[in-house]
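**Q** Handing you this structure, nothing more for now.
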Amino acid sequence: LLRPIYDAQLASILTSEVLAMDETPIKAGRKSKGKMKQGYYWPIFGDQHEVAFPFARSRAHRHAVEILGRFCGTLISDDYGAYRAFAESQPGTTRASCWAHVRRKFVDAEAIEPKRAEDALSLIRTMYAIEEEICERELDGEAKLELRVARTRPVAQELFAWLGQELEGSALLPSNPFTEAASHALKLKASLEV
């Protein structure tokens, strides 16, 4: 009975100019006695604050393509290849990377490189504070963009420049969690700046 409502909500989400998508594992269905099958929810959040939770039995790229259909706009996601492949194949789609996923890698690096990780997290917190101000002031459209260009862009540029210097000037191993976090952020620079 609820399927038509769900389908209408998902269709509405897919008309968004900006949407966020991720995939998360869930145990669903019986595999064998005492074992559950692995399935995935692919939550998708639109710019009208609607959310849908499409389900698929795997994390295969084709599910992202099937769910997104002909979406054309900005897709905010983590670095999973399904989202990159979709954005590259769909004209008019821009992929924006998720700062929360990038931030998480620096949190993971705190135990090994506390000072460096804290410096990176401090800059990311500054950007989050600007986003909080945007929400509090209920800015939208051009006003939101102007504030981000004036205040967030310089912080992001400072972070990327500092990360580059840290990687160049340090003797950290490639397997060091901070190195991994910094390399990941720099790899995603273009899509993080969207």
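Every chain in the structure tokens takes a letter, A first, then B, and so on in the order presented; its residues are numbered from 1, and the ligands are numbered from 1 following the presented order.
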Quick one: residues within 9 Å of Ile112 of chain A, only C-alpha atoms, excluding same-chain residues fewer than 6 positions away - as a PyMOL selection string?
**A** chain A and resi 176-178
**Q** Find the nearest atom pair between each residue of segment 50-152 of chain A and segment 4-14 of chain A for residues within 9 Å, count only C-alpha atoms, give distances in Å to one decimal, sort rows by chain and ascending number, and present the table as JSON lines.
**A**
```
{"residue": "A:Glu50", "atom": "CA", "partner": "A:Ile13", "partner_atom": "CA", "distance": 6.4}
{"residue": "A:Val51", "atom": "CA", "partner": "A:Ile13", "partner_atom": "CA", "distance": 7.3}
{"residue": "A:Ala52", "atom": "CA", "partner": "A:Leu10", "partner_atom": "CA", "distance": 6.1}
{"residue": "A:Phe53", "atom": "CA", "partner": "A:Leu10", "partner_atom": "CA", "distance": 8.8}
{"residue": "A:Pro54", "atom": "CA", "partner": "A:Leu10", "partner_atom": "CA", "distance": 8.7}
{"residue": "A:Ile67", "atom": "CA", "partner": "A:Leu10", "partner_atom": "CA", "distance": 8.8}
{"residue": "A:Leu68", "atom": "CA", "partner": "A:Leu14", "partner_atom": "CA", "distance": 6.9}
{"residue": "A:Gly69", "atom": "CA", "partner": "A:Leu14", "partner_atom": "CA", "distance": 8.3}
{"residue": "A:Arg70", "atom": "CA", "partner": "A:Leu14", "partner_atom": "CA", "distance": 8.2}
{"residue": "A:Phe71", "atom": "CA", "partner": "A:Leu14", "partner_atom": "CA", "distance": 5.8}
{"residue": "A:Cys72", "atom": "CA", "partner": "A:Leu14", "partner_atom": "CA", "distance": 8.2}
```
**Q** In terms of the shortest atom-to-atom distance over only C-alpha atoms, which of A:Gln48, A:Lys115, A:Ala56, A:Arg148 is closest to Gly29 of chain A?
**A**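 With only C-alpha atoms as the atom set, the closest residue is A:Ala56.
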**Q** For the atom pair atom CA of Leu75 of chain A and atom CA of Ala20 of chain A, what is the interatomic distance in Å to one decimal place?
**A** 5.8 Å
**Q** Using only C-alpha atoms, which protein or nucleic acid residues come within 12 Å of Val107 of chain A? Drop anything in the same chain fewer than 6 positions from it, and give the result as an MDAnalysis selection string.
**A** chainID A and resid 100:101 113:122 124:125 177:178 180:182
**Q** Assign secondary structure with DSSP using the backbone only, and return the residues of segment 30-175 of chain A in helix (DSSP H, G or I) as a PyMOL selection string.
**A** chain A and resi 61-68+81-89+99-109+114-136+141-169
**Q** Point out the residue among A:Leu163, A:Ile26, A:Ile76, A:Ala85 with the least atom-to-atom distance to Leu123 of chain A, counting only C-alpha atoms.
**A**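 The answer is A:Leu163, which sits nearest to Leu123 of chain A.
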**Q** From the options A:Ala96, A:Ala82, A:Ala109, A:Leu159, which residue's atoms come nearest to Ala185 of chain A, counting only C-alpha atoms?
**A**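 Counting only C-alpha atoms, the residue closest to Ala185 of chain A is A:Leu159.
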**Q** May I have the residues within 12 Å of Arg57 of chain A as a list in words, using only C-alpha atoms and disregarding those fewer than 6 positions away in the same chain?
**A**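 The filter keeps Glu23, Thr24, Pro25, Ile26, Lys27, Ala28, Gly29, Lys31, Met36, Lys37, Gln38, Gly39, Tyr40, Tyr41, Trp42 and His63 of chain A.
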**Q** Could those residues be written to a file, using N, CA, C and O atoms, as a compact mmCIF listing (two decimals), in the first residue's frame?
**A**
```txt
# COMPACT_ATOMS: atom_id res chain seq x y z
N GLU A 23 25.69 4.39 0.93
CA GLU A 23 25.21 3.01 1.01
C GLU A 23 25.66 2.47 2.35
O GLU A 23 26.74 2.80 2.83
N THR A 24 24.79 1.69 2.98
CA THR A 24 25.12 1.18 4.30
C THR A 24 24.64 -0.27 4.42
O THR A 24 23.52 -0.59 4.00
N PRO A 25 25.48 -1.14 4.96
CA PRO A 25 25.10 -2.55 5.03
C PRO A 25 24.04 -2.81 6.09
O PRO A 25 23.94 -2.10 7.09
N ILE A 26 23.25 -3.83 5.83
CA ILE A 26 22.24 -4.28 6.79
C ILE A 26 22.05 -5.78 6.60
O ILE A 26 22.13 -6.28 5.49
N LYS A 27 21.85 -6.47 7.67
CA LYS A 27 21.54 -7.90 7.60
C LYS A 27 20.05 -8.02 7.28
O LYS A 27 19.21 -7.48 7.99
N ALA A 28 19.75 -8.70 6.19
CA ALA A 28 18.35 -8.81 5.76
C ALA A 28 18.14 -10.14 5.04
O ALA A 28 18.80 -10.42 4.05
N GLY A 29 17.24 -10.94 5.51
CA GLY A 29 16.96 -12.22 4.87
C GLY A 29 17.84 -13.32 5.43
O GLY A 29 18.97 -13.09 5.83
N LYS A 31 20.22 -16.41 5.30
CA LYS A 31 21.20 -17.05 4.43
C LYS A 31 21.23 -18.56 4.71
O LYS A 31 21.19 -19.36 3.80
N MET A 36 22.52 -14.45 8.56
CA MET A 36 21.68 -13.51 7.80
C MET A 36 22.42 -13.11 6.52
O MET A 36 23.65 -13.05 6.49
N LYS A 37 21.67 -12.79 5.50
CA LYS A 37 22.25 -12.28 4.25
C LYS A 37 22.65 -10.83 4.43
O LYS A 37 22.05 -10.10 5.21
N GLN A 38 23.67 -10.43 3.67
CA GLN A 38 24.10 -9.03 3.67
C GLN A 38 23.31 -8.30 2.59
O GLN A 38 23.27 -8.74 1.45
N GLY A 39 22.67 -7.21 2.95
CA GLY A 39 21.99 -6.35 1.99
C GLY A 39 22.47 -4.93 2.20
O GLY A 39 23.30 -4.66 3.08
N TYR A 40 21.96 -3.99 1.40
CA TYR A 40 22.38 -2.60 1.52
C TYR A 40 21.20 -1.66 1.37
O TYR A 40 20.39 -1.82 0.46
N TYR A 41 21.12 -0.70 2.26
CA TYR A 41 20.28 0.46 2.04
C TYR A 41 21.13 1.49 1.32
O TYR A 41 22.32 1.64 1.61
N TRP A 42 20.52 2.20 0.40
CA TRP A 42 21.20 3.27 -0.33
C TRP A 42 20.45 4.57 -0.04
O TRP A 42 19.71 5.08 -0.89
N HIS A 63 23.42 -0.73 -8.88
CA HIS A 63 22.33 -0.28 -8.02
C HIS A 63 22.30 1.25 -7.93
O HIS A 63 21.23 1.85 -7.96
```
**Q** Do you know which residues are at most 9 Å from Leu188 of chain A counting only C-alpha atoms, after dropping those on the same chain fewer than 6 positions away, and could you put them as a PyMOL selection string?
**A** chain A and resi 79+96-97+102
**Q** Which parts of segment 4-160 of chain A does DSSP call strand (DSSP E) when run on the backbone here, written out as a PyMOL selection string?
**A** chain A and resi 18-21+24-32+35-41+44-45+51-52+55-56+74-77+94-97
**Q** Which one is closest to Arg153 of chain A: A:Thr126, A:Ser32, A:Ser170, A:Ser89? Count only C-alpha atoms.
**A** A:Thr126
